[in-house]
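Visitor: This is the structure I want to talk about, given as C-alpha coordinates.
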Amino acid sequence: QVTGHLDDCTCDVETIDAFNNYKLFPRLNELLESDYFRYYKVNLKKPCPFWNDNSHCGIRDCAVKPCPSDEVPDGIRSASYKYSEEANSHAEECEEAKRLGAVDESLSKETQEAMLQWTWHDDSSDSFCEADDIDSPDAEYVDLLLNPERYTGYKGPDAWKIWNSIYEENCFKPQNVKRPLASGRGDDGGVCIEKRAFYKLISGLHASINIHLSARYLLQDTWSEKKWGPNVTEFQQRFDEVITRGEGPRRLKNLYFLYLIELRALSKVLPFFERPGFQLYTGNASRDAEVKNLLLEILHLAKSFPLHFDENSFFAGNKKEAAKLKEEFRLHFRNITKIMDCVGCFKCRLWGKLQTQGLGTALKILFAENLIEKIPESGPSYGFQLTRQEIVALFNAFGRISTSVRELENFRNILQNMQ
(Lines give C-alpha, C1' and ligand atoms only; values in the text may rest on other atoms or scores of the structure.)
Protein backbone atom coordinates (compact mmCIF):
# COMPACT_ATOMS: atom_id res chain seq x y z
CA GLN A 1 0.00 0.00 0.00
CA VAL A 2 1.66 3.17 -1.19
CA THR A 3 -0.13 6.06 0.47
CA GLY A 4 0.43 9.44 2.06
CA HIS A 5 3.07 12.12 1.80
CA LEU A 6 5.93 12.08 -0.75
CA ASP A 7 9.47 13.03 0.33
CA ASP A 8 10.86 16.35 -1.01
CA CYS A 9 7.31 17.40 -2.05
CA THR A 10 4.24 19.01 -0.53
CA CYS A 11 2.04 16.45 -2.27
CA ASP A 12 0.56 13.06 -1.42
CA VAL A 13 -0.29 9.91 -3.36
CA GLU A 14 -4.07 10.23 -2.98
CA THR A 15 -4.20 13.73 -4.52
CA ILE A 16 -2.26 12.52 -7.58
CA ASP A 17 -4.43 9.39 -7.96
CA ALA A 18 -7.68 11.36 -7.96
CA PHE A 19 -6.35 14.08 -10.27
CA ASN A 20 -4.75 11.70 -12.74
CA ASN A 21 -7.24 8.86 -12.94
CA TYR A 22 -10.43 10.88 -13.22
CA LYS A 23 -9.39 14.19 -14.81
CA LEU A 24 -6.14 14.01 -16.74
CA PHE A 25 -5.71 10.43 -17.94
CA PRO A 26 -8.87 10.23 -20.17
CA ARG A 27 -8.06 13.52 -21.96
CA LEU A 28 -4.39 12.67 -22.37
CA ASN A 29 -5.26 9.31 -23.90
CA GLU A 30 -7.48 11.03 -26.46
CA LEU A 31 -4.66 13.45 -27.35
CA LEU A 32 -2.12 10.66 -27.85
CA GLU A 33 -4.41 8.88 -30.33
CA SER A 34 -4.32 11.89 -32.67
CA ASP A 35 -2.11 11.79 -35.78
CA TYR A 36 0.25 14.47 -34.52
CA PHE A 37 1.18 12.48 -31.41
CA ARG A 38 1.05 8.90 -32.64
CA TYR A 39 3.89 9.14 -35.19
CA TYR A 40 7.40 9.29 -33.74
CA LYS A 41 10.55 9.29 -35.85
CA VAL A 42 13.32 7.15 -34.44
CA ASN A 43 16.59 5.55 -35.48
CA LEU A 44 16.62 2.02 -34.03
CA LYS A 45 19.77 1.05 -35.95
CA LYS A 46 22.30 3.17 -34.07
CA PRO A 47 25.14 1.05 -32.65
CA CYS A 48 25.66 0.87 -28.88
CA PRO A 49 28.33 3.48 -28.04
CA PHE A 50 29.50 1.84 -24.82
CA TRP A 51 30.13 -1.83 -25.51
CA ASN A 52 30.21 -4.16 -28.51
CA ASP A 53 26.81 -5.72 -28.52
CA ASN A 54 25.10 -7.30 -31.45
CA SER A 55 22.86 -9.53 -29.37
CA HIS A 56 19.48 -8.41 -30.62
CA CYS A 57 16.45 -10.02 -29.14
CA GLY A 58 15.06 -12.64 -31.53
CA ILE A 59 11.65 -12.79 -29.84
CA ARG A 60 8.75 -11.93 -32.15
CA ASP A 61 7.25 -9.43 -29.70
CA CYS A 62 10.51 -7.42 -29.65
CA ALA A 63 10.06 -6.35 -33.28
CA VAL A 64 8.94 -2.85 -34.26
CA LYS A 65 6.93 -2.30 -37.44
CA PRO A 66 7.88 1.03 -39.04
CA CYS A 67 5.28 2.95 -41.08
CA PRO A 68 5.28 2.97 -44.85
CA SER A 69 5.93 6.66 -45.54
CA ASP A 70 2.63 7.14 -47.40
CA GLU A 71 0.75 6.40 -44.14
CA VAL A 72 2.38 9.33 -42.33
CA PRO A 73 0.41 12.58 -42.81
CA ASP A 74 2.04 14.97 -45.29
CA GLY A 75 2.27 17.82 -42.81
CA ILE A 76 4.33 15.69 -40.44
CA ARG A 77 6.54 14.22 -43.15
CA SER A 78 7.37 17.50 -44.84
CA ALA A 79 8.04 19.41 -41.64
CA SER A 80 9.60 16.98 -39.24
CA TYR A 81 11.74 19.57 -37.48
CA LYS A 82 9.48 22.54 -38.13
CA TYR A 83 6.18 22.39 -36.38
CA SER A 84 3.97 25.11 -37.80
CA GLU A 85 3.29 27.12 -40.89
CA GLU A 86 4.81 30.09 -39.11
CA ALA A 87 8.05 28.17 -38.60
CA ASN A 88 8.00 26.98 -42.19
CA SER A 89 7.63 30.45 -43.64
CA HIS A 90 10.41 31.82 -41.41
CA ALA A 91 12.64 28.90 -42.29
CA GLU A 92 12.03 29.46 -46.00
CA GLU A 93 12.83 33.17 -45.63
CA CYS A 94 16.11 32.26 -43.95
CA GLU A 95 16.95 29.76 -46.67
CA GLU A 96 16.13 32.41 -49.27
CA ALA A 97 18.35 34.93 -47.46
CA LYS A 98 21.20 32.44 -47.48
CA ARG A 99 20.73 31.72 -51.19
CA LEU A 100 20.57 35.40 -52.21
CA GLY A 101 23.85 36.15 -50.50
CA ALA A 102 25.70 35.00 -47.47
CA VAL A 103 25.38 38.44 -45.89
CA ASP A 104 22.39 40.76 -46.05
CA GLU A 105 23.92 44.12 -45.10
CA SER A 106 20.59 45.52 -43.90
CA LEU A 107 20.51 43.07 -40.99
CA SER A 108 22.74 43.53 -37.99
CA LYS A 109 25.17 40.70 -37.30
CA GLU A 110 23.17 39.74 -34.16
CA THR A 111 19.92 39.51 -36.12
CA GLN A 112 21.48 37.37 -38.84
CA GLU A 113 22.89 35.02 -36.23
CA ALA A 114 19.60 34.91 -34.34
CA MET A 115 17.68 34.08 -37.51
CA LEU A 116 20.05 31.28 -38.46
CA GLN A 117 20.15 30.04 -34.92
CA TRP A 118 16.37 29.94 -34.84
CA THR A 119 16.05 28.12 -38.17
CA TRP A 120 18.50 25.40 -37.26
CA HIS A 121 17.94 25.65 -33.55
CA ASP A 122 20.87 23.78 -32.09
CA ASP A 123 20.16 23.52 -28.42
CA SER A 124 22.92 21.07 -27.58
CA SER A 125 23.99 23.28 -24.68
CA ASP A 126 20.63 23.12 -22.92
CA SER A 127 19.53 19.69 -24.10
CA PHE A 128 19.40 16.78 -21.71
CA CYS A 129 19.18 14.24 -24.55
CA GLU A 130 21.41 12.77 -27.18
CA ALA A 131 18.72 13.10 -29.84
CA ASP A 132 18.52 10.95 -32.95
CA ASP A 133 19.45 12.55 -36.25
CA ILE A 134 15.99 12.33 -37.77
CA ASP A 135 17.32 13.20 -41.22
CA SER A 136 19.44 10.03 -41.22
CA PRO A 137 18.35 7.41 -43.80
CA ASP A 138 18.08 4.95 -40.87
CA ALA A 139 15.47 7.06 -39.06
CA GLU A 140 11.91 5.84 -39.64
CA TYR A 141 8.44 6.83 -38.51
CA VAL A 142 6.79 4.47 -36.07
CA ASP A 143 3.07 4.42 -35.25
CA LEU A 144 3.12 4.22 -31.45
CA LEU A 145 -0.46 2.92 -31.32
CA LEU A 146 0.52 -0.11 -33.42
CA ASN A 147 3.67 -0.79 -31.37
CA PRO A 148 2.42 -0.57 -27.77
CA GLU A 149 4.77 -0.89 -24.82
CA ARG A 150 4.19 -4.27 -23.18
CA TYR A 151 5.92 -7.43 -22.00
CA THR A 152 8.16 -8.81 -24.75
CA GLY A 153 10.13 -11.53 -22.96
CA TYR A 154 13.31 -9.39 -23.01
CA LYS A 155 14.97 -10.03 -19.65
CA GLY A 156 17.95 -11.74 -18.02
CA PRO A 157 21.61 -10.62 -18.25
CA ASP A 158 21.15 -8.30 -21.25
CA ALA A 159 18.33 -6.30 -19.70
CA TRP A 160 20.09 -6.30 -16.33
CA LYS A 161 23.28 -4.93 -17.92
CA ILE A 162 21.35 -1.89 -19.23
CA TRP A 163 19.81 -1.00 -15.88
CA ASN A 164 23.06 -1.72 -14.06
CA SER A 165 24.92 0.66 -16.35
CA ILE A 166 22.28 3.35 -15.81
CA TYR A 167 22.29 3.10 -12.02
CA GLU A 168 25.95 2.33 -11.37
CA GLU A 169 27.58 4.81 -13.72
CA ASN A 170 25.05 7.59 -14.22
CA CYS A 171 22.78 7.89 -11.27
CA PHE A 172 24.36 9.61 -8.24
CA LYS A 173 23.29 6.46 -6.45
CA PRO A 174 22.63 6.76 -2.71
CA GLN A 175 25.31 4.62 -1.02
CA ASN A 176 22.82 2.26 0.56
CA VAL A 177 21.22 1.12 -2.71
CA LYS A 178 23.51 -1.77 -3.54
CA ARG A 179 22.30 -2.70 -7.02
CA PRO A 180 19.43 -1.58 -9.19
CA LEU A 181 17.50 -4.82 -8.94
CA ALA A 182 18.53 -5.89 -5.46
CA SER A 183 17.15 -4.48 -2.26
CA GLY A 184 19.01 -2.00 -0.11
CA ARG A 185 17.41 0.18 2.51
CA GLY A 186 18.24 2.94 4.89
CA ASP A 187 18.89 6.65 4.47
CA ASP A 188 20.38 8.07 1.31
CA GLY A 189 23.92 8.54 2.53
CA GLY A 190 23.85 12.35 2.70
CA VAL A 191 23.14 12.89 -0.99
CA CYS A 192 22.01 16.46 -1.80
CA ILE A 193 18.43 17.09 -2.94
CA GLU A 194 19.38 17.42 -6.63
CA LYS A 195 21.26 14.12 -6.77
CA ARG A 196 18.55 12.45 -4.73
CA ALA A 197 15.96 13.79 -7.19
CA PHE A 198 17.96 12.50 -10.17
CA TYR A 199 18.10 9.01 -8.68
CA LYS A 200 14.37 9.11 -7.89
CA LEU A 201 13.51 10.17 -11.46
CA ILE A 202 15.39 7.21 -12.93
CA SER A 203 13.99 4.81 -10.32
CA GLY A 204 10.49 6.19 -11.06
CA LEU A 205 10.99 5.62 -14.79
CA HIS A 206 12.16 2.06 -14.08
CA ALA A 207 9.08 1.46 -11.89
CA SER A 208 6.78 2.87 -14.58
CA ILE A 209 8.24 0.57 -17.24
CA ASN A 210 7.88 -2.42 -14.89
CA ILE A 211 4.21 -1.56 -14.29
CA HIS A 212 3.55 -1.48 -18.06
CA LEU A 213 5.20 -4.89 -18.48
CA SER A 214 3.13 -6.34 -15.61
CA ALA A 215 -0.12 -4.73 -16.81
CA ARG A 216 0.23 -5.80 -20.46
CA TYR A 217 1.67 -9.25 -19.93
CA LEU A 218 1.37 -12.09 -22.44
CA LEU A 219 -1.12 -14.30 -20.61
CA GLN A 220 -1.96 -16.65 -23.46
CA ASP A 221 -0.15 -17.37 -26.71
CA THR A 222 -1.86 -19.90 -28.96
CA TRP A 223 -1.98 -20.22 -32.74
CA SER A 224 -5.44 -18.65 -32.77
CA GLU A 225 -4.89 -15.68 -30.46
CA LYS A 226 -2.63 -13.76 -28.12
CA LYS A 227 -4.11 -12.48 -24.89
CA TRP A 228 -2.49 -9.60 -22.98
CA GLY A 229 -3.49 -8.48 -19.51
CA PRO A 230 -2.43 -7.84 -15.90
CA ASN A 231 -0.08 -10.39 -14.32
CA VAL A 232 -0.39 -10.01 -10.56
CA THR A 233 2.48 -12.38 -9.74
CA GLU A 234 4.86 -10.40 -11.94
CA PHE A 235 3.67 -7.16 -10.32
CA GLN A 236 4.19 -8.54 -6.81
CA GLN A 237 7.69 -9.78 -7.60
CA ARG A 238 8.67 -6.26 -8.57
CA PHE A 239 6.78 -4.24 -5.95
CA ASP A 240 5.50 -6.34 -3.02
CA GLU A 241 6.91 -4.96 0.24
CA VAL A 242 7.86 -8.38 1.64
CA ILE A 243 9.27 -9.90 -1.57
CA THR A 244 11.36 -6.77 -2.34
CA ARG A 245 12.36 -6.28 1.33
CA GLY A 246 10.77 -2.86 1.47
CA GLU A 247 12.15 -1.57 -1.84
CA GLY A 248 8.90 -1.97 -3.83
CA PRO A 249 6.91 0.79 -2.11
CA ARG A 250 9.90 3.14 -2.42
CA ARG A 251 10.09 2.47 -6.15
CA LEU A 252 6.39 3.29 -6.49
CA LYS A 253 6.80 6.53 -4.53
CA ASN A 254 9.56 7.45 -6.98
CA LEU A 255 7.05 6.94 -9.80
CA TYR A 256 4.80 9.56 -8.18
CA PHE A 257 7.81 11.88 -7.82
CA LEU A 258 8.50 11.49 -11.57
CA TYR A 259 4.82 12.23 -12.26
CA LEU A 260 5.05 15.51 -10.32
CA ILE A 261 8.22 16.62 -12.13
CA GLU A 262 6.74 16.01 -15.61
CA LEU A 263 3.38 17.53 -14.61
CA ARG A 264 5.24 20.63 -13.42
CA ALA A 265 7.01 20.91 -16.77
CA LEU A 266 3.65 20.75 -18.61
CA SER A 267 2.26 23.53 -16.43
CA LYS A 268 5.34 25.68 -17.13
CA VAL A 269 5.42 25.27 -20.92
CA LEU A 270 1.87 26.57 -21.49
CA PRO A 271 2.97 30.00 -22.91
CA PHE A 272 4.95 28.26 -25.68
CA PHE A 273 1.87 26.38 -26.95
CA GLU A 274 -0.65 29.16 -26.29
CA ARG A 275 0.73 31.45 -29.00
CA PRO A 276 -1.69 31.84 -31.95
CA GLY A 277 1.14 31.08 -34.41
CA PHE A 278 1.84 27.68 -32.91
CA GLN A 279 0.07 24.84 -34.73
CA LEU A 280 0.17 21.09 -34.42
CA TYR A 281 0.66 20.87 -38.15
CA THR A 282 -0.39 17.64 -39.88
CA GLY A 283 -2.03 19.15 -42.96
CA ASN A 284 -5.63 18.64 -41.79
CA ALA A 285 -6.47 22.18 -40.61
CA SER A 286 -9.78 21.54 -38.81
CA ARG A 287 -8.47 18.46 -37.00
CA ASP A 288 -5.23 20.30 -36.12
CA ALA A 289 -7.25 23.08 -34.48
CA GLU A 290 -9.28 20.55 -32.44
CA VAL A 291 -6.12 18.80 -31.26
CA LYS A 292 -4.51 22.11 -30.27
CA ASN A 293 -7.61 22.96 -28.19
CA LEU A 294 -7.41 19.59 -26.46
CA LEU A 295 -3.68 20.11 -25.85
CA LEU A 296 -4.32 23.53 -24.26
CA GLU A 297 -7.11 22.07 -22.13
CA ILE A 298 -4.64 19.47 -20.80
CA LEU A 299 -1.97 22.10 -20.11
CA HIS A 300 -4.48 24.34 -18.27
CA LEU A 301 -5.56 21.31 -16.27
CA ALA A 302 -1.90 20.59 -15.43
CA LYS A 303 -1.51 24.20 -14.29
CA SER A 304 -4.56 23.91 -12.04
CA PHE A 305 -3.05 21.02 -10.03
CA PRO A 306 -3.07 22.24 -6.41
CA LEU A 307 0.16 20.74 -5.03
CA HIS A 308 2.86 21.27 -7.64
CA PHE A 309 6.47 20.31 -7.04
CA ASP A 310 8.55 23.41 -6.21
CA GLU A 311 11.66 23.22 -8.36
CA ASN A 312 13.06 26.39 -6.77
CA SER A 313 14.74 24.19 -4.18
CA PHE A 314 16.94 22.85 -6.99
CA PHE A 315 20.38 24.39 -7.60
CA ALA A 316 19.56 27.15 -5.15
CA GLY A 317 22.89 27.30 -3.28
CA ASN A 318 26.25 28.78 -4.26
CA LYS A 319 25.97 29.92 -7.91
CA LYS A 320 29.25 28.35 -9.04
CA GLU A 321 28.52 25.05 -7.31
CA ALA A 322 24.95 25.07 -8.65
CA ALA A 323 26.13 25.60 -12.25
CA LYS A 324 28.64 22.76 -11.90
CA LEU A 325 26.00 20.46 -10.44
CA LYS A 326 23.47 21.33 -13.14
CA GLU A 327 26.03 20.52 -15.84
CA GLU A 328 26.83 17.20 -14.13
CA PHE A 329 23.09 16.47 -13.99
CA ARG A 330 22.72 17.22 -17.72
CA LEU A 331 25.70 15.11 -18.80
CA HIS A 332 24.60 12.14 -16.70
CA PHE A 333 21.15 12.30 -18.26
CA ARG A 334 22.56 12.59 -21.80
CA ASN A 335 24.56 9.45 -21.11
CA ILE A 336 21.41 7.60 -20.07
CA THR A 337 19.73 8.57 -23.36
CA LYS A 338 22.76 7.11 -25.19
CA ILE A 339 22.51 3.85 -23.26
CA MET A 340 19.09 3.34 -24.86
CA ASP A 341 20.92 2.48 -28.11
CA CYS A 342 22.31 -0.58 -26.32
CA VAL A 343 18.89 -2.12 -25.57
CA GLY A 344 18.68 -5.41 -27.49
CA CYS A 345 14.87 -5.54 -27.79
CA PHE A 346 13.76 -3.05 -30.45
CA LYS A 347 10.36 -2.40 -28.93
CA CYS A 348 11.98 -1.76 -25.52
CA ARG A 349 14.55 0.45 -27.27
CA LEU A 350 11.81 2.48 -28.98
CA TRP A 351 9.93 3.13 -25.74
CA GLY A 352 13.15 3.64 -23.77
CA LYS A 353 14.33 6.29 -26.23
CA LEU A 354 10.93 7.99 -26.27
CA GLN A 355 10.56 8.07 -22.48
CA THR A 356 14.08 9.31 -21.80
CA GLN A 357 13.68 11.99 -24.49
CA GLY A 358 10.36 12.98 -22.88
CA LEU A 359 11.89 13.28 -19.43
CA GLY A 360 14.90 15.14 -20.87
CA THR A 361 12.49 17.60 -22.53
CA ALA A 362 10.67 18.08 -19.21
CA LEU A 363 14.01 18.91 -17.52
CA LYS A 364 14.91 21.28 -20.36
CA ILE A 365 11.58 23.11 -19.77
CA LEU A 366 12.08 23.37 -16.01
CA PHE A 367 15.58 24.78 -16.47
CA ALA A 368 14.42 27.27 -19.13
CA GLU A 369 11.56 28.81 -17.15
CA ASN A 370 12.92 32.38 -17.43
CA LEU A 371 13.24 31.98 -21.23
CA ILE A 372 9.67 30.66 -21.54
CA GLU A 373 8.31 33.64 -19.59
CA LYS A 374 9.89 35.98 -22.16
CA ILE A 375 8.35 34.33 -25.23
CA PRO A 376 6.58 36.99 -27.35
CA GLU A 377 2.94 36.35 -28.24
CA SER A 378 3.66 36.47 -31.95
CA GLY A 379 6.72 35.81 -34.06
CA PRO A 380 9.50 33.36 -33.34
CA SER A 381 10.59 32.51 -29.79
CA TYR A 382 14.35 32.81 -30.21
CA GLY A 383 15.34 31.84 -26.70
CA PHE A 384 13.30 28.67 -26.28
CA GLN A 385 12.39 26.06 -28.88
CA LEU A 386 10.89 22.60 -28.93
CA THR A 387 11.15 20.39 -32.00
CA ARG A 388 8.25 18.19 -33.04
CA GLN A 389 10.24 15.19 -31.76
CA GLU A 390 10.54 16.76 -28.31
CA ILE A 391 6.84 17.65 -28.24
CA VAL A 392 5.74 14.13 -29.21
CA ALA A 393 8.18 12.56 -26.71
CA LEU A 394 7.17 14.92 -23.88
CA PHE A 395 3.46 14.08 -24.08
CA ASN A 396 3.85 10.37 -24.82
CA ALA A 397 6.34 9.96 -21.96
CA PHE A 398 3.93 11.66 -19.59
CA GLY A 399 1.19 9.47 -21.06
CA ARG A 400 3.17 6.38 -20.00
CA ILE A 401 3.55 7.65 -16.41
CA SER A 402 -0.11 8.65 -16.28
CA THR A 403 -1.00 5.15 -17.48
CA SER A 404 1.20 3.62 -14.74
CA VAL A 405 -0.60 5.58 -12.03
CA ARG A 406 -3.92 4.42 -13.49
CA GLU A 407 -2.72 0.78 -13.69
CA LEU A 408 -1.63 0.91 -10.04
CA GLU A 409 -5.26 1.51 -9.05
CA ASN A 410 -6.23 -1.50 -11.14
CA PHE A 411 -3.63 -3.71 -9.39
CA ARG A 412 -4.78 -2.39 -5.99
CA ASN A 413 -8.34 -3.44 -6.77
CA ILE A 414 -7.28 -6.89 -8.03
CA LEU A 415 -5.15 -7.50 -4.92
CA GLN A 416 -7.95 -6.37 -2.58
CA ASN A 417 -10.39 -8.73 -4.25
CA MET A 418 -7.92 -11.60 -3.87
CA GLN A 419 -7.66 -11.15 -0.09
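All residue names refer to the C-alpha coordinates as shown: chains lettered A, B, ... in order, residues numbered from 1 in each chain, ligands numbered from 1 in order.
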So that I can see what lies close to A:Leu145, please list as a PyMOL selection string the residues with an atom at most 10 Å from it, counting only C-alpha atoms and leaving out residues fewer than 5 positions away in the same chain.
Guide: chain A and resi 32-34+37-39
Visitor: Of the candidates A:Ile365, A:Leu213, A:Val392, A:Leu350, which one gets nearest to A:Ser404 if we count only C-alpha atoms?
Guide: A:Leu213
Visitor: When you count only C-alpha atoms, which of these residues is closest to A:Gly204: A:Lys23, A:Arg250, A:Arg150, A:Arg245?
Guide: A:Arg250
Visitor: Which residue, A:Leu266, A:Ile16, A:Leu258, A:Ala63, has the smallest gap to A:Tyr199 when you use only C-alpha atoms?
Guide: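 Using only C-alpha atoms, A:Tyr199 sits closest to A:Leu258.
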